[in-house]
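Text of structure_13.pdb (PDB, C-alpha atoms) as supplied:
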```
ATOM      1  CA  MET A  16      96.203 114.350  81.398  1.00  0.00           C
ATOM      2  CA  GLU A  17      92.497 114.297  82.176  1.00  0.00           C
ATOM      3  CA  ARG A  18      92.152 115.434  85.772  1.00  0.00           C
ATOM      4  CA  LYS A  19      89.272 114.247  87.916  1.00  0.00           C
ATOM      5  CA  ARG A  20      87.524 116.964  89.883  1.00  0.00           C
ATOM      6  CA  VAL A  21      87.053 116.180  93.576  1.00  0.00           C
ATOM      7  CA  GLY A  22      84.639 118.195  95.683  1.00  0.00           C
ATOM      8  CA  ILE A  23      84.963 118.172  99.470  1.00  0.00           C
ATOM      9  CA  VAL A  24      81.942 119.475 101.362  1.00  0.00           C
ATOM     10  CA  LEU A  25      82.505 121.934 104.213  1.00  0.00           C
ATOM     11  CA  PHE A  26      80.157 122.950 107.029  1.00  0.00           C
ATOM     12  CA  GLU A  27      80.359 124.433 110.513  1.00  0.00           C
ATOM     13  CA  ASN A  28      82.003 122.198 113.141  1.00  0.00           C
ATOM     14  CA  ILE A  29      83.452 119.837 110.554  1.00  0.00           C
ATOM     15  CA  GLU A  30      86.211 117.535 111.837  1.00  0.00           C
ATOM     16  CA  VAL A  31      89.542 118.833 110.509  1.00  0.00           C
ATOM     17  CA  LEU A  32      91.229 115.561 109.547  1.00  0.00           C
ATOM     18  CA  ASP A  33      87.999 114.302 107.971  1.00  0.00           C
ATOM     19  CA  PHE A  34      88.531 116.708 105.087  1.00  0.00           C
ATOM     20  CA  CYS A  35      92.241 117.495 105.336  1.00  0.00           C
ATOM     21  CA  GLY A  36      93.211 113.811 105.131  1.00  0.00           C
ATOM     22  CA  PRO A  37      91.518 113.188 101.771  1.00  0.00           C
ATOM     23  CA  PHE A  38      92.622 116.639 100.578  1.00  0.00           C
ATOM     24  CA  GLU A  39      96.248 115.685 101.235  1.00  0.00           C
ATOM     25  CA  VAL A  40      95.947 112.315  99.500  1.00  0.00           C
ATOM     26  CA  PHE A  41      94.324 113.692  96.371  1.00  0.00           C
ATOM     27  CA  THR A  42      96.634 116.686  96.041  1.00  0.00           C
ATOM     28  CA  ALA A  43      99.750 114.608  96.789  1.00  0.00           C
ATOM     29  CA  THR A  44      98.999 111.939  94.167  1.00  0.00           C
ATOM     30  CA  ARG A  45     101.346 111.828  91.171  1.00  0.00           C
ATOM     31  CA  LEU A  46     101.361 109.433  88.249  1.00  0.00           C
ATOM     32  CA  ASP A  47     105.161 109.596  87.967  1.00  0.00           C
ATOM     33  CA  GLU A  48     107.124 110.079  91.184  1.00  0.00           C
ATOM     34  CA  GLU A  49     110.243 111.120  89.259  1.00  0.00           C
ATOM     35  CA  TYR A  50     108.434 114.259  88.157  1.00  0.00           C
ATOM     36  CA  ARG A  51     106.640 115.024  91.422  1.00  0.00           C
ATOM     37  CA  ARG A  52     107.672 118.689  91.364  1.00  0.00           C
ATOM     38  CA  GLU A  53     106.939 119.210  87.674  1.00  0.00           C
ATOM     39  CA  GLU A  54     103.603 117.392  87.326  1.00  0.00           C
ATOM     40  CA  LEU A  55     100.170 118.180  88.678  1.00  0.00           C
ATOM     41  CA  SER A  56      98.060 115.717  90.605  1.00  0.00           C
ATOM     42  CA  PRO A  57      95.549 113.856  88.419  1.00  0.00           C
ATOM     43  CA  PHE A  58      92.945 115.140  90.882  1.00  0.00           C
ATOM     44  CA  GLU A  59      91.736 118.734  91.099  1.00  0.00           C
ATOM     45  CA  VAL A  60      90.372 119.339  94.605  1.00  0.00           C
ATOM     46  CA  LEU A  61      87.701 121.934  95.402  1.00  0.00           C
ATOM     47  CA  LEU A  62      86.277 122.941  98.781  1.00  0.00           C
ATOM     48  CA  VAL A  63      82.518 123.512  98.573  1.00  0.00           C
ATOM     49  CA  ALA A  64      80.134 124.981 101.152  1.00  0.00           C
ATOM     50  CA  GLU A  65      76.576 126.223 101.249  1.00  0.00           C
ATOM     51  CA  LYS A  66      77.747 129.838 101.487  1.00  0.00           C
ATOM     52  CA  ASN A  67      80.885 131.868 100.791  1.00  0.00           C
ATOM     53  CA  ASP A  68      81.392 132.514 104.490  1.00  0.00           C
ATOM     54  CA  THR A  69      84.468 131.307 106.357  1.00  0.00           C
ATOM     55  CA  VAL A  70      83.814 127.881 107.884  1.00  0.00           C
ATOM     56  CA  ILE A  71      84.845 127.316 111.510  1.00  0.00           C
ATOM     57  CA  THR A  72      85.903 123.723 112.119  1.00  0.00           C
ATOM     58  CA  THR A  73      85.978 121.666 115.278  1.00  0.00           C
ATOM     59  CA  GLY A  74      89.001 123.043 117.091  1.00  0.00           C
ATOM     60  CA  GLY A  75      88.623 126.515 115.602  1.00  0.00           C
ATOM     61  CA  MET A  76      90.427 126.294 112.239  1.00  0.00           C
ATOM     62  CA  LYS A  77      89.041 128.813 109.751  1.00  0.00           C
ATOM     63  CA  VAL A  78      88.588 127.611 106.179  1.00  0.00           C
ATOM     64  CA  ILE A  79      87.503 129.538 103.089  1.00  0.00           C
ATOM     65  CA  PRO A  80      85.534 127.507 100.506  1.00  0.00           C
ATOM     66  CA  ASP A  81      86.373 127.703  96.814  1.00  0.00           C
ATOM     67  CA  PHE A  82      82.760 127.445  95.680  1.00  0.00           C
ATOM     68  CA  THR A  83      79.234 127.496  97.002  1.00  0.00           C
ATOM     69  CA  PHE A  84      76.597 124.896  96.238  1.00  0.00           C
ATOM     70  CA  GLN A  85      75.242 127.212  93.545  1.00  0.00           C
ATOM     71  CA  THR A  86      78.573 128.021  91.880  1.00  0.00           C
ATOM     72  CA  CYS A  87      80.276 124.607  92.140  1.00  0.00           C
ATOM     73  CA  PRO A  88      81.225 123.137  88.755  1.00  0.00           C
ATOM     74  CA  LYS A  89      80.370 119.555  87.896  1.00  0.00           C
ATOM     75  CA  LEU A  90      82.290 117.055  90.015  1.00  0.00           C
ATOM     76  CA  ASP A  91      83.602 113.570  89.326  1.00  0.00           C
ATOM     77  CA  ILE A  92      84.150 112.592  92.959  1.00  0.00           C
ATOM     78  CA  LEU A  93      82.356 113.873  96.058  1.00  0.00           C
ATOM     79  CA  VAL A  94      83.790 113.614  99.586  1.00  0.00           C
ATOM     80  CA  VAL A  95      81.410 114.172 102.499  1.00  0.00           C
ATOM     81  CA  PRO A  96      83.322 114.556 105.777  1.00  0.00           C
ATOM     82  CA  GLY A  97      81.841 114.314 109.247  1.00  0.00           C
ATOM     83  CA  GLY A  98      82.216 115.869 112.645  1.00  0.00           C
ATOM     84  CA  TRP A  99      79.929 117.297 115.295  1.00  0.00           C
ATOM     85  CA  GLY A 100      78.394 119.609 112.725  1.00  0.00           C
ATOM     86  CA  THR A 101      76.626 116.728 111.030  1.00  0.00           C
ATOM     87  CA  ARG A 102      74.067 116.796 113.872  1.00  0.00           C
ATOM     88  CA  SER A 103      72.854 120.134 112.539  1.00  0.00           C
ATOM     89  CA  GLU A 104      73.321 119.392 108.846  1.00  0.00           C
ATOM     90  CA  ILE A 105      71.071 116.310 108.879  1.00  0.00           C
ATOM     91  CA  ASP A 106      68.203 118.783 109.406  1.00  0.00           C
ATOM     92  CA  ASN A 107      69.418 121.188 106.724  1.00  0.00           C
ATOM     93  CA  PRO A 108      67.297 120.664 103.573  1.00  0.00           C
ATOM     94  CA  VAL A 109      69.691 122.783 101.486  1.00  0.00           C
ATOM     95  CA  MET A 110      72.564 120.446 102.313  1.00  0.00           C
ATOM     96  CA  LEU A 111      70.573 117.263 101.769  1.00  0.00           C
ATOM     97  CA  ASP A 112      69.092 118.460  98.475  1.00  0.00           C
ATOM     98  CA  TRP A 113      72.526 119.460  97.178  1.00  0.00           C
ATOM     99  CA  LEU A 114      73.992 116.096  98.165  1.00  0.00           C
ATOM    100  CA  ARG A 115      71.228 114.321  96.268  1.00  0.00           C
ATOM    101  CA  ASP A 116      71.714 116.460  93.179  1.00  0.00           C
ATOM    102  CA  CYS A 117      75.492 116.106  93.249  1.00  0.00           C
ATOM    103  CA  ALA A 118      75.359 112.367  93.937  1.00  0.00           C
ATOM    104  CA  SER A 119      73.251 111.852  90.826  1.00  0.00           C
ATOM    105  CA  GLU A 120      76.108 113.192  88.696  1.00  0.00           C
ATOM    106  CA  VAL A 121      79.378 112.026  90.261  1.00  0.00           C
ATOM    107  CA  GLU A 122      81.223 108.856  89.367  1.00  0.00           C
ATOM    108  CA  THR A 123      82.306 108.158  92.936  1.00  0.00           C
ATOM    109  CA  LEU A 124      80.482 109.139  96.127  1.00  0.00           C
ATOM    110  CA  THR A 125      82.456 108.955  99.370  1.00  0.00           C
ATOM    111  CA  SER A 126      82.193 109.834 103.034  1.00  0.00           C
ATOM    112  CA  VAL A 127      84.398 110.013 106.096  1.00  0.00           C
ATOM    113  CA  CYS A 128      83.245 109.414 109.662  1.00  0.00           C
ATOM    114  CA  THR A 129      79.704 110.711 110.286  1.00  0.00           C
ATOM    115  CA  GLY A 130      79.623 112.157 106.797  1.00  0.00           C
ATOM    116  CA  SER A 131      77.952 108.832 106.029  1.00  0.00           C
ATOM    117  CA  MET A 132      75.055 109.922 108.237  1.00  0.00           C
ATOM    118  CA  LEU A 133      74.533 112.886 105.923  1.00  0.00           C
ATOM    119  CA  LEU A 134      74.470 110.481 102.989  1.00  0.00           C
ATOM    120  CA  GLY A 135      72.030 108.277 104.868  1.00  0.00           C
ATOM    121  CA  PHE A 136      69.632 111.093 105.714  1.00  0.00           C
ATOM    122  CA  ALA A 137      69.793 112.184 102.077  1.00  0.00           C
ATOM    123  CA  GLY A 138      68.628 108.677 101.129  1.00  0.00           C
ATOM    124  CA  LEU A 139      71.883 107.834  99.360  1.00  0.00           C
ATOM    125  CA  LEU A 140      72.771 104.684 101.303  1.00  0.00           C
ATOM    126  CA  ASP A 141      69.491 102.789 100.984  1.00  0.00           C
ATOM    127  CA  GLY A 142      70.119  99.113 100.268  1.00  0.00           C
ATOM    128  CA  LEU A 143      73.905  99.464 100.557  1.00  0.00           C
ATOM    129  CA  HIS A 144      76.650  98.325 102.918  1.00  0.00           C
ATOM    130  CA  ALA A 145      78.220 101.243 104.813  1.00  0.00           C
ATOM    131  CA  THR A 146      80.116 102.284 107.916  1.00  0.00           C
ATOM    132  CA  THR A 147      80.859 105.335 110.057  1.00  0.00           C
ATOM    133  CA  HIS A 148      82.742 106.388 113.210  1.00  0.00           C
ATOM    134  CA  TRP A 149      82.624 103.613 115.809  1.00  0.00           C
ATOM    135  CA  ARG A 150      80.639 105.811 118.209  1.00  0.00           C
ATOM    136  CA  SER A 151      77.906 106.260 115.580  1.00  0.00           C
ATOM    137  CA  LEU A 152      77.526 102.707 114.270  1.00  0.00           C
ATOM    138  CA  ASP A 153      74.422 102.016 116.342  1.00  0.00           C
ATOM    139  CA  TRP A 154      72.997 105.411 115.356  1.00  0.00           C
ATOM    140  CA  MET A 155      73.442 104.409 111.724  1.00  0.00           C
ATOM    141  CA  ARG A 156      71.821 101.016 112.259  1.00  0.00           C
ATOM    142  CA  THR A 157      68.741 102.434 113.993  1.00  0.00           C
ATOM    143  CA  SER A 158      68.410 105.374 111.594  1.00  0.00           C
ATOM    144  CA  PHE A 159      68.651 103.405 108.344  1.00  0.00           C
ATOM    145  CA  PRO A 160      67.116  99.917 108.570  1.00  0.00           C
ATOM    146  CA  SER A 161      67.761  99.226 104.891  1.00  0.00           C
ATOM    147  CA  VAL A 162      71.518  99.814 105.264  1.00  0.00           C
ATOM    148  CA  THR A 163      73.815  96.922 106.165  1.00  0.00           C
ATOM    149  CA  VAL A 164      76.100  98.491 108.757  1.00  0.00           C
ATOM    150  CA  GLU A 165      79.628  97.079 108.727  1.00  0.00           C
ATOM    151  CA  TYR A 166      81.090  97.137 112.230  1.00  0.00           C
ATOM    152  CA  ASP A 167      84.428  95.490 111.458  1.00  0.00           C
ATOM    153  CA  GLN A 168      85.545  97.180 108.234  1.00  0.00           C
ATOM    154  CA  HIS A 169      87.677 100.309 108.045  1.00  0.00           C
ATOM    155  CA  VAL A 170      86.476 101.307 104.564  1.00  0.00           C
ATOM    156  CA  VAL A 171      83.362  99.914 102.892  1.00  0.00           C
ATOM    157  CA  GLU A 172      83.078  99.905  99.106  1.00  0.00           C
ATOM    158  CA  ASP A 173      79.663  99.190  97.625  1.00  0.00           C
ATOM    159  CA  GLY A 174      79.659  99.967  93.932  1.00  0.00           C
ATOM    160  CA  ARG A 175      80.384 103.636  93.396  1.00  0.00           C
ATOM    161  CA  VAL A 176      79.765 104.478  97.070  1.00  0.00           C
ATOM    162  CA  VAL A 177      82.710 104.378  99.492  1.00  0.00           C
ATOM    163  CA  THR A 178      82.179 105.045 103.204  1.00  0.00           C
ATOM    164  CA  SER A 179      84.823 104.985 105.902  1.00  0.00           C
ATOM    165  CA  ALA A 180      85.236 104.844 109.654  1.00  0.00           C
ATOM    166  CA  GLY A 181      86.266 107.781 111.802  1.00  0.00           C
ATOM    167  CA  ILE A 182      88.524 110.752 111.150  1.00  0.00           C
ATOM    168  CA  SER A 183      91.924 109.344 110.032  1.00  0.00           C
ATOM    169  CA  SER A 184      90.203 106.630 107.997  1.00  0.00           C
ATOM    170  CA  GLY A 185      89.496 109.258 105.369  1.00  0.00           C
ATOM    171  CA  ILE A 186      93.130 108.896 104.324  1.00  0.00           C
ATOM    172  CA  ASP A 187      92.598 105.191 103.699  1.00  0.00           C
ATOM    173  CA  MET A 188      89.351 105.887 101.884  1.00  0.00           C
ATOM    174  CA  ALA A 189      91.061 108.378  99.586  1.00  0.00           C
ATOM    175  CA  LEU A 190      93.866 105.903  98.877  1.00  0.00           C
ATOM    176  CA  LYS A 191      91.241 103.368  97.799  1.00  0.00           C
ATOM    177  CA  VAL A 192      89.806 105.959  95.434  1.00  0.00           C
ATOM    178  CA  VAL A 193      93.307 106.509  94.018  1.00  0.00           C
ATOM    179  CA  VAL A 194      93.501 102.747  93.424  1.00  0.00           C
ATOM    180  CA  ARG A 195      90.192 102.855  91.559  1.00  0.00           C
ATOM    181  CA  TYR A 196      91.394 105.522  89.163  1.00  0.00           C
ATOM    182  CA  HIS A 197      95.142 104.939  88.881  1.00  0.00           C
ATOM    183  CA  GLY A 198      96.037 101.574  90.401  1.00  0.00           C
ATOM    184  CA  GLU A 199      97.681 100.303  93.553  1.00  0.00           C
ATOM    185  CA  ASN A 200     101.234 101.307  92.600  1.00  0.00           C
ATOM    186  CA  VAL A 201     100.267 104.969  92.422  1.00  0.00           C
ATOM    187  CA  ALA A 202      98.343 104.717  95.696  1.00  0.00           C
ATOM    188  CA  ARG A 203     101.298 103.080  97.432  1.00  0.00           C
ATOM    189  CA  ALA A 204     103.662 105.752  96.120  1.00  0.00           C
ATOM    190  CA  THR A 205     101.307 108.434  97.409  1.00  0.00           C
ATOM    191  CA  ALA A 206     101.198 106.862 100.871  1.00  0.00           C
ATOM    192  CA  LYS A 207     104.988 106.562 100.878  1.00  0.00           C
ATOM    193  CA  HIS A 208     105.371 110.226  99.963  1.00  0.00           C
ATOM    194  CA  MET A 209     103.071 111.091 102.874  1.00  0.00           C
ATOM    195  CA  GLU A 210     105.025 108.728 105.161  1.00  0.00           C
ATOM    196  CA  TYR A 211     101.725 107.017 105.880  1.00  0.00           C
ATOM    197  CA  PRO A 212     101.544 103.220 106.219  1.00  0.00           C
ATOM    198  CA  TYR A 213      99.705 101.780 103.235  1.00  0.00           C
ATOM    199  CA  PRO A 214      96.662  99.830 104.501  1.00  0.00           C
ATOM    200  CA  GLU A 215      97.446  96.155 103.932  1.00  0.00           C
ATOM    201  CA  ASN A 216      94.100  95.002 105.311  1.00  0.00           C
ATOM    202  CA  ASN A 217      90.676  96.510 105.857  1.00  0.00           C
ATOM    203  CA  SER A 218      90.049  95.611 109.493  1.00  0.00           C
ATOM    204  CA  ARG A 219      88.715  98.386 111.705  1.00  0.00           C
ATOM    205  CA  ARG A 220      91.599  99.615 113.794  1.00  0.00           C
ATOM    206  CA  VAL A 221      89.677 100.657 116.898  1.00  0.00           C
ATOM    207  CA  GLN A 222      88.396  97.949 119.200  1.00  0.00           C
ATOM    208  CA  PHE A 223      85.133  98.781 120.959  1.00  0.00           C
TER     209      PHE A 223
END
```
What do you get writing this file as structure tokens?
Amino acid sequence: MERKRVGIVLFENIEVLDFCGPFEVFTATRLDEEYRREELSPFEVLLVAEKNDTVITTGGMKVIPDFTFQTCPKLDILVVPGGWGTRSEIDNPVMLDWLRDCASEVETLTSVCTGSMLLGFAGLLDGLHATTHWRSLDWMRTSFPSVTVEYDQHVVEDGRVVTSAGISSGIDMALKVVVRYHGENVARATAKHMEYPYPENNSRRVQF
């Protein structure tokens, strides 16, 4: 089985579910549910940060990255989570440069919540449709005039770029990526294993 390598970016004050949701989906995926215990996921998930230091999330969880930007192997899929820490990272040239370099190589580029703002400030959403956390939709619209901001969609797919709404929507985004690589049946089985309702429509769930 050819496993796809997924990199999830970490940074200080990252929102926990933004990265843990996709992590759970990708690591819980199996191509054959009958052999769930015997088989590996078709996705290999790596946590990547600028430095080797322990990352402190929103809420105080401590997370140790697997790789730094310099040591990270080539990725197939990149997940950029959000959280309050994005306000600092949008001014971090090391982060933005790495995102640009990585985005030029991956097959699928994704974000959760305000992770899409990092993509936007790296110039990776120009000319695309995208979304973000409902509180940041207007920030996205004013910051990136060339981006068509989708206010009503939970997950927005535009070619190889997949952005999603806030926090828990990263689970739905990751399930859509599973569909891209392994089909809806596998994605539905993954959601069932997680006891998570499979998204039957793409309407934004929060009214604002």
Step by step: start from the point (71.2, 105.0, 103.0) in the file's coordinates, keep every protein, DNA or RNA residue that has an atom no farther than 10 Å from it, count only C-alpha atoms, and write the set as a PyMOL selection string.
-> chain A and resi 131-145+155+158-164
From the list A:Glu59, A:Glu172, A:Glu120, A:Asp91, which residue is nearest Ala43 in chain A when using only C-alpha atoms?
-> A:Glu59
Applied to the shown file, which residues does the PyMOL selection byres ((chain A and resi 221) around 12) return, written as a PyMOL selection string?
-> chain A and resi 148-150+166-169+180-184+217-220+222-223
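Distance-wise, CA of Arg102 in chain A and CA of Ser151 in chain A end up 11.3 Å apart.
For the pair CA of Leu25 in chain A and CA of Ala118 in chain A, the separation is 15.8 Å.
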Contacts between range 195-208 of chain A and range 28-87 of chain A, please, where a residue of range 28-87 of chain A counts if it comes within 9 Å (with only C-alpha atoms); show its shortest atom pair and distance in Å to one decimal, rows by chain and ascending number, as a tab-separated table.
```
residue	atom	partner	partner_atom	distance
A:Val40	CA	A:Thr205	CA	6.9
A:Phe41	CA	A:Thr205	CA	8.8
A:Ala43	CA	A:Thr205	CA	6.4
A:Thr44	CA	A:Thr205	CA	5.3
A:Arg45	CA	A:Val201	CA	7.1
A:Leu46	CA	A:Val201	CA	6.2
A:Asp47	CA	A:Val201	CA	8.1
A:Glu48	CA	A:Ala204	CA	7.4
A:Pro57	CA	A:His197	CA	8.9
```
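Here the PyMOL selection byres ((chain A and resi 92) around 10) catches exactly these residues: Lys19, Arg20, Val21, Gly22, Ile23, Phe58, Glu59, Val60, Lys89, Leu90, Asp91, Leu93, Val94, Cys117, Ala118, Glu120, Val121, Glu122, Thr123, Leu124, Thr125, Arg175 and Val192 of chain A.
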Check the smallest atom-to-atom distance from each of A:Phe82, A:Phe26, A:Tyr211, A:Tyr50 to Leu62 in chain A using all atoms listed in the file, then report the winner.
-> A:Phe82
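Applied to this file, the PyMOL selection byres ((chain A and resi 178) around 6) selects Thr125, Ser126, Ala145, Thr146, Val170, Val171, Val177 and Ser179 of chain A.
Residues lying within 9 Å of Trp99 in chain A, counting only C-alpha atoms and ignoring same-chain neighbours fewer than 3 positions away, are Glu27, Asn28, Ile29, Glu30, Thr73, Arg102, Ser103 and Thr129 of chain A.
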Mind completing range 46-58 of chain A with N, CA and C atoms? Output as a tab-separated table (two decimals), keeping the file's coordinate frame, please?
```tsv
chain	number	residue	atom	x	y	z
A	46	LEU	N	101.29	110.63	89.09
A	46	LEU	CA	101.36	109.43	88.25
A	46	LEU	C	102.79	109.00	88.01
A	47	ASP	N	103.75	109.92	88.14
A	47	ASP	CA	105.16	109.60	87.97
A	47	ASP	C	105.94	110.29	89.07
A	48	GLU	N	106.42	109.51	90.04
A	48	GLU	CA	107.12	110.08	91.18
A	48	GLU	C	108.40	110.83	90.79
A	49	GLU	N	109.01	110.45	89.68
A	49	GLU	CA	110.24	111.12	89.26
A	49	GLU	C	109.99	112.57	88.89
A	50	TYR	N	108.77	112.89	88.56
A	50	TYR	CA	108.43	114.26	88.16
A	50	TYR	C	107.43	114.87	89.13
A	51	ARG	N	107.57	114.55	90.41
A	51	ARG	CA	106.64	115.02	91.42
A	51	ARG	C	106.54	116.54	91.45
A	52	ARG	N	107.68	117.23	91.31
A	52	ARG	CA	107.67	118.69	91.36
A	52	ARG	C	107.15	119.33	90.08
A	53	GLU	N	107.30	118.63	88.97
A	53	GLU	CA	106.94	119.21	87.67
A	53	GLU	C	105.48	118.93	87.30
A	54	GLU	N	104.94	117.81	87.75
A	54	GLU	CA	103.60	117.39	87.33
A	54	GLU	C	102.53	117.81	88.33
A	55	LEU	N	101.32	117.96	87.82
A	55	LEU	CA	100.17	118.18	88.68
A	55	LEU	C	99.60	116.84	89.14
A	56	SER	N	98.83	116.89	90.21
A	56	SER	CA	98.06	115.72	90.60
A	56	SER	C	97.00	115.43	89.54
A	57	PRO	N	96.65	114.17	89.33
A	57	PRO	CA	95.55	113.86	88.42
A	57	PRO	C	94.18	114.20	89.00
A	58	PHE	N	94.18	114.71	90.23
A	58	PHE	CA	92.94	115.14	90.88
A	58	PHE	C	92.98	116.65	91.13
```
